[in-house]
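Note: the block below is input20.cif and it holds mmCIF, C-alpha atoms.
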data_my_file
loop_
_atom_site.label_atom_id
_atom_site.label_comp_id
_atom_site.auth_asym_id
_atom_site.auth_seq_id
_atom_site.Cartn_x
_atom_site.Cartn_y
_atom_site.Cartn_z
CA MET A 127 96.17 143.27 43.30
CA ASN A 128 99.75 142.86 44.44
CA GLU A 129 100.43 141.03 47.63
CA PRO A 130 101.81 143.49 50.13
CA GLU A 131 105.34 142.94 51.26
CA PHE A 132 105.74 141.60 54.73
CA SER A 133 108.54 142.33 57.11
CA PRO A 134 110.73 139.41 58.18
CA GLN A 135 108.98 139.41 61.53
CA GLU A 136 105.57 139.30 59.86
CA GLN A 137 106.74 136.59 57.48
CA GLU A 138 107.93 134.51 60.40
CA VAL A 139 104.48 134.70 61.95
CA ILE A 140 102.82 133.92 58.62
CA ASP A 141 105.00 130.84 58.18
CA ARG A 142 104.19 129.71 61.67
CA LEU A 143 100.47 130.11 61.08
CA ALA A 144 100.65 128.38 57.72
CA ASN A 145 102.42 125.42 59.29
CA ALA A 146 100.26 125.33 62.39
CA PRO A 147 98.66 122.01 63.29
CA GLN A 148 95.31 121.54 61.57
CA PRO A 149 92.97 119.93 64.08
CA SER A 150 90.06 118.04 62.65
CA LEU A 151 86.78 116.72 63.88
CA ASN A 152 87.16 113.09 64.82
CA PRO A 153 84.85 110.76 62.88
CA ALA A 154 82.56 110.13 65.82
CA ALA A 155 82.03 113.82 66.51
CA PHE A 156 81.65 114.50 62.80
CA GLU A 157 78.80 112.02 62.50
CA LEU A 158 77.22 113.09 65.77
CA ILE A 159 77.03 116.69 64.62
CA ARG A 160 75.65 115.62 61.26
CA ALA A 161 72.93 113.63 63.01
CA ARG A 162 72.02 116.53 65.29
CA MET A 163 71.91 118.88 62.34
CA LEU A 164 69.70 116.64 60.25
CA ASP A 165 67.41 116.14 63.22
CA GLY A 166 67.05 119.90 63.26
CA LEU A 167 65.46 119.71 59.84
CA ASP A 168 62.56 117.85 61.37
CA THR A 169 61.93 120.62 63.90
CA PRO A 170 59.30 123.08 62.67
CA PRO A 171 60.45 126.68 62.44
CA LEU A 172 59.40 129.10 65.14
CA ASP A 173 57.80 131.49 62.70
CA VAL A 174 57.26 131.10 59.00
CA SER A 175 55.78 134.52 58.32
CA PRO A 176 57.73 136.54 55.78
CA PRO A 177 59.78 139.46 57.02
CA LEU A 178 57.95 142.77 57.12
CA ARG A 179 60.92 144.56 55.71
CA PRO A 180 64.39 143.56 54.54
CA SER A 181 66.23 144.15 57.77
CA ARG A 182 63.76 142.56 60.13
CA PRO A 183 65.44 139.86 62.19
CA SER A 184 64.78 136.33 61.11
CA PRO A 185 62.72 134.11 63.37
CA MET A 186 65.94 132.40 64.43
CA SER A 187 67.68 135.60 65.35
CA ILE A 188 64.81 137.11 67.32
CA PRO A 189 65.56 135.15 70.50
CA LEU A 190 69.26 135.98 70.27
CA VAL A 191 68.70 139.68 69.81
CA ALA A 192 65.92 139.73 72.35
CA ALA A 193 68.17 138.08 74.90
CA LEU A 194 70.90 140.60 74.27
CA ALA A 195 68.43 143.45 74.47
CA ALA A 196 67.12 142.06 77.73
CA VAL A 197 70.61 142.07 79.20
CA VAL A 198 70.97 145.71 78.30
CA ILE A 199 67.58 146.60 79.67
CA VAL A 200 67.97 144.76 82.96
CA ALA A 201 71.55 145.78 83.58
CA LEU A 202 71.20 149.38 82.70
CA GLY A 203 67.68 150.38 83.49
CA VAL A 204 66.99 151.20 79.92
CA VAL A 205 64.11 153.52 79.23
CA MET A 206 61.71 152.02 76.74
CA LEU A 207 59.64 154.48 74.82
CA LEU A 208 57.11 153.93 72.12
CA ASN A 209 56.84 157.42 70.80
CA ARG A 210 58.71 157.21 67.55
CA PRO A 211 56.64 156.76 64.43
CA GLN A 212 57.58 153.83 62.28
CA ASP A 213 58.42 155.84 59.23
CA THR A 214 60.97 158.09 60.86
CA ILE A 215 63.70 155.60 60.11
CA THR A 216 63.92 154.55 56.52
CA PRO A 217 66.76 152.19 55.68
CA THR A 218 66.77 153.19 52.04
CA THR A 219 67.73 156.76 52.86
CA VAL A 220 71.21 155.73 53.93
CA PRO A 221 73.87 155.00 51.32
CA MET A 222 74.94 151.39 51.05
CA ALA A 223 78.15 150.88 52.92
CA THR A 224 78.80 147.21 53.41
CA THR A 225 77.18 143.83 53.07
CA ILE A 226 76.38 142.67 56.54
CA SER A 227 75.56 139.10 55.72
CA PRO A 228 74.40 137.17 52.71
CA THR A 229 70.84 137.45 53.97
CA ALA A 230 70.86 141.07 55.02
CA SER A 231 69.78 143.38 52.26
CA LEU A 232 69.34 146.42 54.47
CA GLN A 233 71.21 149.46 53.32
CA ALA A 234 73.23 150.08 56.39
CA GLU A 235 76.25 151.97 57.50
CA VAL A 236 76.96 150.59 60.94
CA ILE A 237 77.02 147.24 62.66
CA VAL A 238 76.41 147.20 66.38
CA THR A 239 77.23 144.31 68.66
CA VAL A 240 75.41 144.55 71.95
CA GLU A 241 77.14 143.87 75.20
CA ALA A 242 76.11 144.80 78.70
CA SER A 243 77.27 148.19 79.90
CA PRO A 244 77.97 148.31 83.59
CA THR A 245 77.67 152.01 84.27
CA GLN A 246 75.72 154.74 82.58
CA PRO A 247 72.48 153.73 80.94
CA PRO A 248 72.21 154.52 77.26
CA VAL A 249 69.03 155.96 75.91
CA VAL A 250 67.38 153.04 74.18
CA THR A 251 64.12 153.50 72.38
CA ALA A 252 61.88 150.71 71.20
CA THR A 253 59.66 151.62 68.33
CA LEU A 254 56.93 149.83 66.49
CA GLU A 255 59.70 148.51 64.27
CA PRO A 256 62.59 146.62 65.84
CA VAL A 257 64.78 149.70 66.10
CA ILE A 258 67.13 150.49 68.93
CA VAL A 259 68.46 153.97 69.46
CA VAL A 260 71.68 154.35 71.39
CA GLU A 261 72.86 157.82 72.25
CA GLY A 262 75.97 158.51 74.25
CA PRO A 263 79.63 159.45 74.31
CA VAL A 264 82.19 157.55 72.29
CA GLU A 265 84.34 155.69 74.78
CA SER A 266 86.95 154.28 72.43
CA ILE A 267 87.91 154.30 68.78
CA ASP A 268 89.86 151.49 67.18
CA GLY A 269 89.99 151.93 63.45
CA ASN A 270 86.40 151.93 62.34
CA VAL A 271 85.17 150.33 65.58
CA ILE A 272 83.85 152.55 68.33
CA THR A 273 82.30 151.84 71.71
CA ILE A 274 79.37 153.61 73.32
CA TYR A 275 78.28 152.48 76.79
CA GLY A 276 80.11 149.24 76.20
CA ILE A 277 78.30 148.66 72.93
CA THR A 278 80.73 147.90 70.15
CA ILE A 279 79.85 149.67 66.94
CA ALA A 280 81.60 149.02 63.65
CA LEU A 281 81.25 152.04 61.42
CA ASN A 282 81.60 151.89 57.69
CA PRO A 283 85.36 152.29 57.15
CA ASP A 284 84.57 154.92 54.53
CA ASP A 285 82.28 156.94 56.77
CA PRO A 286 83.65 160.51 56.68
CA LEU A 287 82.59 160.91 60.28
CA LEU A 288 85.52 158.69 61.24
CA SER A 289 87.98 161.30 60.08
CA VAL A 290 86.83 163.78 62.71
CA LEU A 291 85.47 161.56 65.44
CA VAL A 292 87.26 161.63 68.80
CA VAL A 293 86.66 159.96 72.14
CA GLY A 294 84.02 161.88 74.04
CA ASP A 295 81.94 162.84 71.03
CA VAL A 296 78.28 162.11 71.57
CA LEU A 297 76.63 160.07 68.83
CA ARG A 298 73.09 158.96 68.20
CA VAL A 299 72.85 155.56 66.52
CA GLU A 300 69.59 154.17 65.24
CA ALA A 301 69.92 150.45 64.76
CA ASP A 302 68.16 147.48 63.35
CA TYR A 303 68.86 143.79 63.39
CA ALA A 304 70.80 141.64 60.97
CA GLU A 305 69.46 138.28 60.09
CA ASP A 306 70.89 135.10 61.52
CA THR A 307 73.44 136.77 63.72
CA THR A 308 73.44 138.69 66.94
CA LEU A 309 74.55 141.77 65.08
CA ILE A 310 72.43 144.87 65.12
CA ILE A 311 72.64 147.07 62.08
CA ALA A 312 72.43 150.78 62.64
CA VAL A 313 70.31 152.61 60.14
CA THR A 314 71.68 156.04 60.84
CA VAL A 315 74.45 157.52 62.90
CA GLU A 316 74.61 161.20 63.65
CA PRO A 317 76.76 163.30 65.93
CA VAL A 318 75.15 165.05 68.86
CA THR A 319 78.36 166.78 69.89
CA ASN A 320 78.02 170.46 69.15
CA ASP A 321 81.31 170.90 67.33
CA VAL A 322 80.93 167.98 64.94
CA ASN A 323 78.76 168.53 61.91
CA VAL A 324 77.80 166.27 59.05
CA ASN A 325 76.47 167.48 55.73
CA PRO A 326 73.18 165.60 55.37
CA ASP A 327 73.47 165.65 51.59
CA THR A 328 77.02 164.42 51.12
CA GLY A 329 77.98 162.85 54.41
CA GLU A 330 80.99 165.17 54.63
CA ALA A 331 82.03 165.82 58.22
CA TRP A 332 83.62 168.87 59.82
CA ARG A 333 84.81 169.45 63.32
CA ASP A 334 85.79 172.71 64.95
CA ASP A 335 89.16 171.68 66.31
CA GLY A 336 89.53 174.80 68.39
CA GLY A 337 92.13 176.33 66.09
CA CYS A 338 91.81 178.69 63.19
CA ASN A 339 93.36 176.63 60.42
CA ASN A 340 90.23 174.64 59.75
CA PRO A 341 87.42 177.01 58.74
CA PRO A 342 83.89 175.66 58.52
CA PRO A 343 82.55 174.70 55.09
CA ASP A 344 79.59 176.74 53.97
CA TRP A 345 77.06 174.09 54.93
CA ALA A 346 78.25 173.86 58.54
CA PRO A 347 77.31 176.16 61.42
CA ALA A 348 80.35 178.05 62.57
CA ASN A 349 79.61 177.57 66.27
CA GLY A 350 81.93 180.37 67.34
CA TRP A 351 84.73 179.82 64.85
CA ARG A 352 84.35 183.27 63.29
CA ARG A 353 84.09 185.07 66.59
CA ARG A 354 87.24 183.32 67.68
CA CYS A 355 89.22 183.53 64.47
CA GLN A 356 87.96 186.59 62.62
CA SER A 357 87.67 189.06 65.45
CA GLY A 358 90.44 191.61 65.94
CA SER A 359 92.69 190.17 68.61
CA GLY A 360 94.44 186.87 68.47
CA ASN A 361 93.50 186.22 64.88
CA ALA A 362 96.42 184.11 63.87
CA ASN A 363 94.69 182.87 60.72
CA PRO A 364 93.03 185.67 58.82
CA PRO A 365 89.87 185.04 56.87
CA GLY A 366 90.33 183.70 53.43
CA ASN A 367 93.03 181.17 54.16
CA GLY A 368 92.48 177.60 53.25
CA ASN A 369 89.52 177.00 51.01
CA GLY A 370 87.58 179.96 52.28
CA ASN A 371 84.55 177.75 52.69
CA GLY A 372 81.86 179.11 54.92
CA MET A 373 83.46 182.48 55.21
CA GLY A 374 81.47 184.55 52.82
CA SER A 375 78.95 185.87 55.28
CA ASN A 376 78.89 187.42 58.68
CA ASP A 377 75.98 185.42 59.95
CA ASP A 378 78.03 183.39 62.33
CA ASP A 379 75.53 181.44 64.31
CA ASP A 380 77.28 181.79 67.62
CA ASP A 381 74.91 181.71 70.48
CA MET B 210 87.89 128.42 50.19
CA GLU B 211 86.64 127.06 46.93
CA PRO B 212 82.87 126.77 46.71
CA LEU B 213 81.49 123.28 46.44
CA PRO B 214 80.45 121.98 43.03
CA ASP B 215 76.92 123.14 42.24
CA GLU B 216 76.90 124.99 45.52
CA ARG B 217 74.05 127.33 44.63
CA GLN B 218 71.82 124.41 43.78
CA LEU B 219 72.87 122.66 46.94
CA ILE B 220 72.00 125.72 49.01
CA ALA B 221 68.62 126.05 47.34
CA ARG B 222 67.83 122.41 47.91
CA ALA B 223 69.09 122.54 51.46
CA GLY B 224 66.89 125.56 52.08
CA ARG B 225 63.90 123.46 51.09
CA GLY B 226 64.87 120.84 53.65
CA ASP B 227 66.69 118.40 51.38
CA LYS B 228 68.73 116.36 53.85
CA ALA B 229 71.17 115.11 51.25
CA ALA B 230 71.98 118.68 50.25
CA VAL B 231 72.35 119.78 53.85
CA SER B 232 74.62 116.85 54.47
CA THR B 233 76.78 117.69 51.46
CA LEU B 234 77.16 121.29 52.62
CA TYR B 235 78.11 120.05 56.04
CA GLU B 236 80.71 117.68 54.64
CA GLY B 237 82.18 120.50 52.60
CA TYR B 238 82.55 123.01 55.40
CA ALA B 239 82.58 121.15 58.71
CA GLN B 240 86.32 120.68 59.05
CA ALA B 241 87.15 124.25 58.05
CA ILE B 242 84.66 125.66 60.52
CA PHE B 243 85.94 123.35 63.23
CA ARG B 244 89.57 124.37 62.59
CA TYR B 245 88.62 128.04 62.77
CA ILE B 246 86.75 127.58 66.03
CA SER B 247 89.38 125.32 67.55
CA TYR B 248 91.96 128.12 67.45
CA ARG B 249 89.55 130.55 69.05
CA VAL B 250 88.46 128.52 72.06
CA GLU B 251 90.21 126.72 74.86
CA SER B 252 89.77 123.12 73.76
CA ASP B 253 88.78 120.90 70.88
CA MET B 254 85.83 119.67 72.93
CA VAL B 255 84.40 123.16 73.11
CA ALA B 256 85.16 123.59 69.43
CA GLU B 257 83.11 120.50 68.64
CA ASP B 258 80.13 121.83 70.57
CA LEU B 259 80.31 125.21 68.87
CA THR B 260 80.73 123.61 65.47
CA ALA B 261 77.51 121.73 66.09
CA GLU B 262 75.80 125.01 66.98
CA VAL B 263 77.03 126.63 63.79
CA PHE B 264 75.54 123.93 61.62
CA LEU B 265 72.30 123.84 63.55
CA ARG B 266 71.99 127.56 62.86
CA MET B 267 72.91 126.97 59.27
CA VAL B 268 69.99 124.58 58.97
CA GLN B 269 67.67 127.07 60.64
CA GLY B 270 68.87 129.96 58.53
CA LEU B 271 69.03 128.27 55.13
CA PRO B 272 65.33 128.73 54.27
CA ARG B 273 65.88 132.49 54.41
CA TYR B 274 69.39 132.53 52.98
CA GLN B 275 69.73 134.86 50.03
CA ASP B 276 72.72 134.74 47.74
CA SER B 277 74.24 138.21 47.81
CA GLY B 278 77.34 137.20 45.91
CA ALA B 279 79.41 136.70 49.04
CA PRO B 280 80.83 133.20 49.50
CA PHE B 281 78.60 130.82 51.41
CA GLY B 282 81.57 129.98 53.60
CA ALA B 283 81.78 133.61 54.71
CA TRP B 284 78.25 133.34 56.06
CA LEU B 285 79.22 130.24 58.02
CA TYR B 286 82.33 131.93 59.39
CA ARG B 287 80.20 134.84 60.55
CA ILE B 288 77.89 132.48 62.38
CA ALA B 289 80.93 130.74 63.85
CA ALA B 290 82.47 134.03 65.00
CA THR B 291 79.20 134.93 66.69
CA GLN B 292 79.08 131.57 68.44
CA VAL B 293 82.65 132.01 69.66
CA ALA B 294 81.90 135.51 70.92
CA ASP B 295 78.80 134.26 72.74
CA HIS B 296 80.86 131.47 74.26
CA HIS B 297 83.46 133.87 75.61
CA ARG B 298 80.79 136.24 76.92
CA GLY B 299 79.22 133.30 78.72
CA ARG B 300 82.57 132.42 80.27
CA ARG B 301 83.01 135.95 81.52
CA ARG B 302 79.49 136.07 82.95
CA ALA B 303 80.10 132.78 84.73
CA ALA B 304 83.34 134.20 86.11
CA GLU B 305 85.11 131.11 84.97
CA PRO B 306 88.69 131.25 86.21
CA LEU B 307 91.11 131.85 83.41
CA SER B 308 93.72 129.19 83.29
CA ASP B 309 97.24 129.98 82.30
CA ASP B 310 97.62 126.82 80.37
CA HIS B 311 94.21 126.64 78.67
CA PRO B 312 93.43 123.05 79.60
CA SER B 313 93.03 120.77 76.64
CA ASP B 314 91.31 117.46 76.32
CA ASP B 315 94.62 115.73 76.69
CA THR B 316 94.54 113.77 79.93
CA ASP B 317 98.10 112.62 79.55
CA PRO B 318 100.40 115.62 79.83
CA LEU B 319 103.44 113.49 79.14
CA GLY B 320 101.96 112.42 75.88
CA LYS B 321 101.63 115.90 74.51
CA THR B 322 103.17 116.15 71.14
CA ALA B 323 105.00 119.08 69.67
CA LYS B 324 101.95 119.74 67.53
CA GLN B 325 99.72 119.97 70.55
CA GLN B 326 102.14 122.33 72.22
CA GLU B 327 102.30 124.48 69.14
CA GLN B 328 98.52 124.55 68.90
CA ALA B 329 98.28 125.52 72.56
CA GLU B 330 100.83 128.30 72.13
CA LEU B 331 99.03 129.71 69.14
CA ARG B 332 95.70 129.49 70.91
CA ARG B 333 97.10 131.34 73.88
CA ALA B 334 98.67 134.04 71.76
CA LEU B 335 95.61 134.47 69.55
CA ALA B 336 93.30 134.64 72.55
CA GLY B 337 94.92 137.89 73.62
CA LEU B 338 94.17 139.64 70.34
CA PRO B 339 91.00 141.47 69.29
CA GLU B 340 88.38 139.14 67.85
CA ASP B 341 88.67 140.51 64.33
CA TYR B 342 92.43 140.00 64.38
CA GLN B 343 91.97 136.40 65.42
CA THR B 344 89.49 135.71 62.65
CA LEU B 345 91.64 137.45 60.07
CA LEU B 346 94.82 135.59 61.02
CA ILE B 347 93.15 132.19 61.11
CA LEU B 348 91.22 132.57 57.89
CA ARG B 349 93.90 134.37 55.93
CA PHE B 350 97.07 132.63 56.99
CA MET B 351 96.02 129.30 58.47
CA GLN B 352 93.22 128.52 56.05
CA GLY B 353 94.61 130.49 53.12
CA LEU B 354 91.43 132.36 52.27
CA PRO B 355 91.82 135.30 49.87
CA HIS B 356 91.38 138.82 51.18
CA ILE B 357 87.96 139.17 49.66
CA GLU B 358 86.58 136.14 51.47
CA VAL B 359 88.09 137.26 54.75
CA ALA B 360 86.56 140.66 54.14
CA ALA B 361 83.15 139.08 53.57
CA ALA B 362 83.47 137.02 56.72
CA LEU B 363 84.35 140.08 58.77
CA GLY B 364 81.94 142.45 57.04
CA LYS B 365 84.75 144.78 56.06
CA SER B 366 86.22 146.06 52.84
CA ASP B 367 89.05 144.33 51.06
CA ALA B 368 91.23 147.38 51.65
CA ALA B 369 90.47 147.39 55.36
CA ILE B 370 91.52 143.76 55.59
CA ARG B 371 94.82 144.47 53.87
CA VAL B 372 95.58 147.19 56.38
CA MET B 373 94.35 145.20 59.33
CA GLN B 374 96.46 142.16 58.53
CA HIS B 375 99.68 144.06 59.21
CA ARG B 376 98.43 145.19 62.59
CA ALA B 377 97.21 141.70 63.39
CA LEU B 378 100.52 140.11 62.42
CA LYS B 379 102.43 142.63 64.48
CA ALA B 380 100.19 141.98 67.47
CA LEU B 381 100.58 138.22 67.14
CA ALA B 382 104.35 138.50 66.72
CA LYS B 383 104.45 140.45 69.94
CA ALA B 384 102.26 137.89 71.69
CA LEU B 385 104.45 135.04 70.46
CA GLY B 386 107.70 136.82 71.13
CA THR B 387 108.22 135.57 74.63
CA ASP B 388 107.55 132.00 73.62
CA THR B 389 109.99 132.21 70.74
CA LYS B 390 112.72 133.51 72.98
CA ALA B 391 112.02 130.84 75.56
CA ARG B 392 112.26 128.10 72.97
CA SER B 393 115.49 129.51 71.65
CA TYR B 394 116.86 129.68 75.16
CA LEU B 395 115.91 126.09 75.88
CA ARG B 396 117.52 124.96 72.65
CA GLY B 397 120.65 126.82 73.59
CA ASP B 398 120.39 129.17 70.63
CA GLU B 399 121.92 132.58 70.86
CA ILE B 400 119.21 135.16 71.29
#
Could I get this file's structure written as structure tokens?
Amino acid sequence: MNEPEFSPQEQEVIDRLANAPQPSLNPAAFELIRARMLDGLDTPPLDVSPPLRPSRPSPMSIPLVAALAAVVIVALGVVMLLNRPQDTITPTTVPMATTISPTASLQAEVIVTVEASPTQPPVVTATLEPVIVVEGPVESIDGNVITIYGITIALNPDDPLLSVLVVGDVLRVEADYAEDTTLIIAVTVEPVTNDVNVNPDTGEAWRDDGGCNNPPPDWAPANGWRRRCQSGSGNANPPGNGNGNGMGSNDDDDD
Amino acid sequence: MEPLPDERQLIARAGRGDKAAVSTLYEGYAQAIFRYISYRVESDMVAEDLTAEVFLRMVQGLPRYQDSGAPFGAWLYRIAATQVADHHRGRRRAAEPLSDDHPSDDTDPLGKTAKQQEQAELRRALAGLPEDYQTLLILRFMQGLPHIEVAAALGKSDAAIRVMQHRALKALAKALGTDTKARSYLRGDEI
């Protein structure tokens, strides 16, 4: 792959970084760390039982994730429910999106980093499996990284939902833990916002943008699009423009 | 970063508690991890502590480490990034006052070298960027890692890294801009 061209300003920064001082561990610290690390080998592991399923947090990561979860629970008054059956979330039903870590073999589409949220409490559900469910409005979007109630969520950059997602959309994220890090891997992410729809078979996303130039595909509920755009008055975009998807019937599911 | 000779075997042995193998892995990656951390925290002393944490977690995690094809170093960088993030969260929780000059371990201000000043400037500028930008810039341009390894360390696609690097460079250029102008002014250069 060709190296992208950099602007002179970018190249100046690159040169500065490339020539930056390279600090190094002094010999005493180097040996001290080595000794501490090797001493750690003599410490028995907290739990040697094999993981129950691929994405289950490792014994080492359990305290980290538990601590983070505790912060969320204490700070936000999180509601803990135990009413979700274990088999409602199946990691293998979600297409593989990214490798989370060398040890994580879960098929995941989202990484969630937990931080405390100071205001509105998210709905967090504990199940028999270590699954966290966060449901709430998207507070910010930066590339493929979104925030819900202060929780930073990295979506798969190829997730079609990103193309239609806007701040304020309400998402439901079902998450699991990655091994050896404080990351939480979401198993599924689905929009709750009424005007965002995702095709469960293909992952394709469609949003009613309020205009008439973007008709719903045939798999998506119209949610008022036809009443707004195909009725007599004010129909600036007559039926049949665009791809014509979703326009072959009159069963608009407006409420 | 080039993998160590016989790295897979080393990892397997280290996972079984072989101290010599653990030690060899440490020798191979310690300085790189320390350099990464040192540009993401306020002092080399803190960087030393966090480097120790990274390798303690490496030891704890090795028995369950599974080779997914991603470089071993990427796994270590991910642990390091998590440690740095935890460190900064802890600082915020403790309401530690943010210093303008990011105090270093140097107790003799007059003895600061140009290198130390440059390191401090870069630290200060990097600290204002998003965490992923910091990691990308350090690994890609300071440590010379290829896109694919940076992508593995950040859990992103190669394409995403290529796009992100332009934004990160632009952000860092902006953060360094004032310093550059100040240096030029002090040298008497025309700006």
For segment 246-258 of chain B, I'd like the enclosing box, axis-aligned and padded by 4 Å on every side, reported as lines of an AutoDock Vina configuration file with centre and edge lengths in Å to one decimal.
center_x = 86.0
center_y = 125.1
center_z = 70.4
size_x = 19.8
size_y = 18.9
size_z = 16.8
Could you work out which residues of chain B fall inside 6 Å of chain A? Count only C-alpha atoms, and format the result as a PyMOL selection string.
chain B and resi 240+244+261+265+274-277+324+350-351+364+378
Mind pulling up the distance from atom CA of Ile274 of chain A to atom CA of Val359 of chain B?
26.2 Å
Find the distance between atom CA of Phe264 of chain B and atom CA of Phe281 of chain B and write it in Å to one decimal.
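Separation of atom CA of Phe264 of chain B and atom CA of Phe281 of chain B: 12.7 Å.
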Atom pair atom CA of Asp327 of chain A / atom CA of Asp285 of chain A: separation (Å)
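Taking atom CA of Asp327 of chain A as the start and atom CA of Asp285 of chain A as the end point, the length is 13.4 Å.
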Spatial neighbours of Pro212 of chain B, max dist 12 Å, only C-alpha atoms, sep filter under 6 positions, as a ChimeraX atom specification
/B:218-220,233-234,237-238,278-283,354,358
Evaluating the PyMOL selection byres ((chain A and resi 323) around 12) on the displayed file yields which residues, as an mmCIF file with C-alpha atoms, in the coordinates of the input?
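File written: out_30.cif
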data_model
loop_
_atom_site.group_PDB
_atom_site.id
_atom_site.type_symbol
_atom_site.label_atom_id
_atom_site.label_comp_id
_atom_site.auth_asym_id
_atom_site.auth_seq_id
_atom_site.Cartn_x
_atom_site.Cartn_y
_atom_site.Cartn_z
ATOM 1 C CA PRO A 286 83.650 160.510 56.680
ATOM 2 C CA LEU A 287 82.590 160.910 60.280
ATOM 3 C CA LEU A 288 85.520 158.690 61.240
ATOM 4 C CA SER A 289 87.980 161.300 60.080
ATOM 5 C CA VAL A 290 86.830 163.780 62.710
ATOM 6 C CA LEU A 291 85.470 161.560 65.440
ATOM 7 C CA ASP A 295 81.940 162.840 71.030
ATOM 8 C CA VAL A 296 78.280 162.110 71.570
ATOM 9 C CA LEU A 297 76.630 160.070 68.830
ATOM 10 C CA VAL A 315 74.450 157.520 62.900
ATOM 11 C CA GLU A 316 74.610 161.200 63.650
ATOM 12 C CA PRO A 317 76.760 163.300 65.930
ATOM 13 C CA VAL A 318 75.150 165.050 68.860
ATOM 14 C CA THR A 319 78.360 166.780 69.890
ATOM 15 C CA ASN A 320 78.020 170.460 69.150
ATOM 16 C CA ASP A 321 81.310 170.900 67.330
ATOM 17 C CA VAL A 322 80.930 167.980 64.940
ATOM 18 C CA VAL A 324 77.800 166.270 59.050
ATOM 19 C CA ASN A 325 76.470 167.480 55.730
ATOM 20 C CA PRO A 326 73.180 165.600 55.370
ATOM 21 C CA ASP A 327 73.470 165.650 51.590
ATOM 22 C CA THR A 328 77.020 164.420 51.120
ATOM 23 C CA GLY A 329 77.980 162.850 54.410
ATOM 24 C CA GLU A 330 80.990 165.170 54.630
ATOM 25 C CA ALA A 331 82.030 165.820 58.220
ATOM 26 C CA TRP A 332 83.620 168.870 59.820
ATOM 27 C CA ARG A 333 84.810 169.450 63.320
ATOM 28 C CA ASP A 334 85.790 172.710 64.950
ATOM 29 C CA ASP A 335 89.160 171.680 66.310
ATOM 30 C CA PRO A 342 83.890 175.660 58.520
ATOM 31 C CA PRO A 343 82.550 174.700 55.090
ATOM 32 C CA ASP A 344 79.590 176.740 53.970
ATOM 33 C CA TRP A 345 77.060 174.090 54.930
ATOM 34 C CA ALA A 346 78.250 173.860 58.540
ATOM 35 C CA PRO A 347 77.310 176.160 61.420
ATOM 36 C CA ALA A 348 80.350 178.050 62.570
ATOM 37 C CA ASN A 349 79.610 177.570 66.270
#
Excluding same-chain residues fewer than 3 positions from Ile288 of chain B, what lies within 7 Å of it counting all atoms listed in the file, as a ChimeraX atom specification?
/A:307 /B:263,284-285,291-292
Find the spatial neighbours of Ser247 of chain B, counting all atoms listed in the file, within a cut-off of 12 Å - ignore same-chain residues fewer than 4 positions away - and output them as a PyMOL selection string.
(chain A and resi 147-151) or (chain B and resi 239-243+251-260+289-290+293+313-314+328-329+331-333+335-336+343-344+347+351)
Output C-alpha atoms for every residue in that selection, as a tab-separated table (two decimals), in the frame of the given file.
chain	number	residue	atom	x	y	z
A	147	PRO	CA	98.66	122.01	63.29
A	148	GLN	CA	95.31	121.54	61.57
A	149	PRO	CA	92.97	119.93	64.08
A	150	SER	CA	90.06	118.04	62.65
A	151	LEU	CA	86.78	116.72	63.88
B	239	ALA	CA	82.58	121.15	58.71
B	240	GLN	CA	86.32	120.68	59.05
B	241	ALA	CA	87.15	124.25	58.05
B	242	ILE	CA	84.66	125.66	60.52
B	243	PHE	CA	85.94	123.35	63.23
B	251	GLU	CA	90.21	126.72	74.86
B	252	SER	CA	89.77	123.12	73.76
B	253	ASP	CA	88.78	120.90	70.88
B	254	MET	CA	85.83	119.67	72.93
B	255	VAL	CA	84.40	123.16	73.11
B	256	ALA	CA	85.16	123.59	69.43
B	257	GLU	CA	83.11	120.50	68.64
B	258	ASP	CA	80.13	121.83	70.57
B	259	LEU	CA	80.31	125.21	68.87
B	260	THR	CA	80.73	123.61	65.47
B	289	ALA	CA	80.93	130.74	63.85
B	290	ALA	CA	82.47	134.03	65.00
B	293	VAL	CA	82.65	132.01	69.66
B	313	SER	CA	93.03	120.77	76.64
B	314	ASP	CA	91.31	117.46	76.32
B	328	GLN	CA	98.52	124.55	68.90
B	329	ALA	CA	98.28	125.52	72.56
B	331	LEU	CA	99.03	129.71	69.14
B	332	ARG	CA	95.70	129.49	70.91
B	333	ARG	CA	97.10	131.34	73.88
B	335	LEU	CA	95.61	134.47	69.55
B	336	ALA	CA	93.30	134.64	72.55
B	343	GLN	CA	91.97	136.40	65.42
B	344	THR	CA	89.49	135.71	62.65
B	347	ILE	CA	93.15	132.19	61.11
B	351	MET	CA	96.02	129.30	58.47
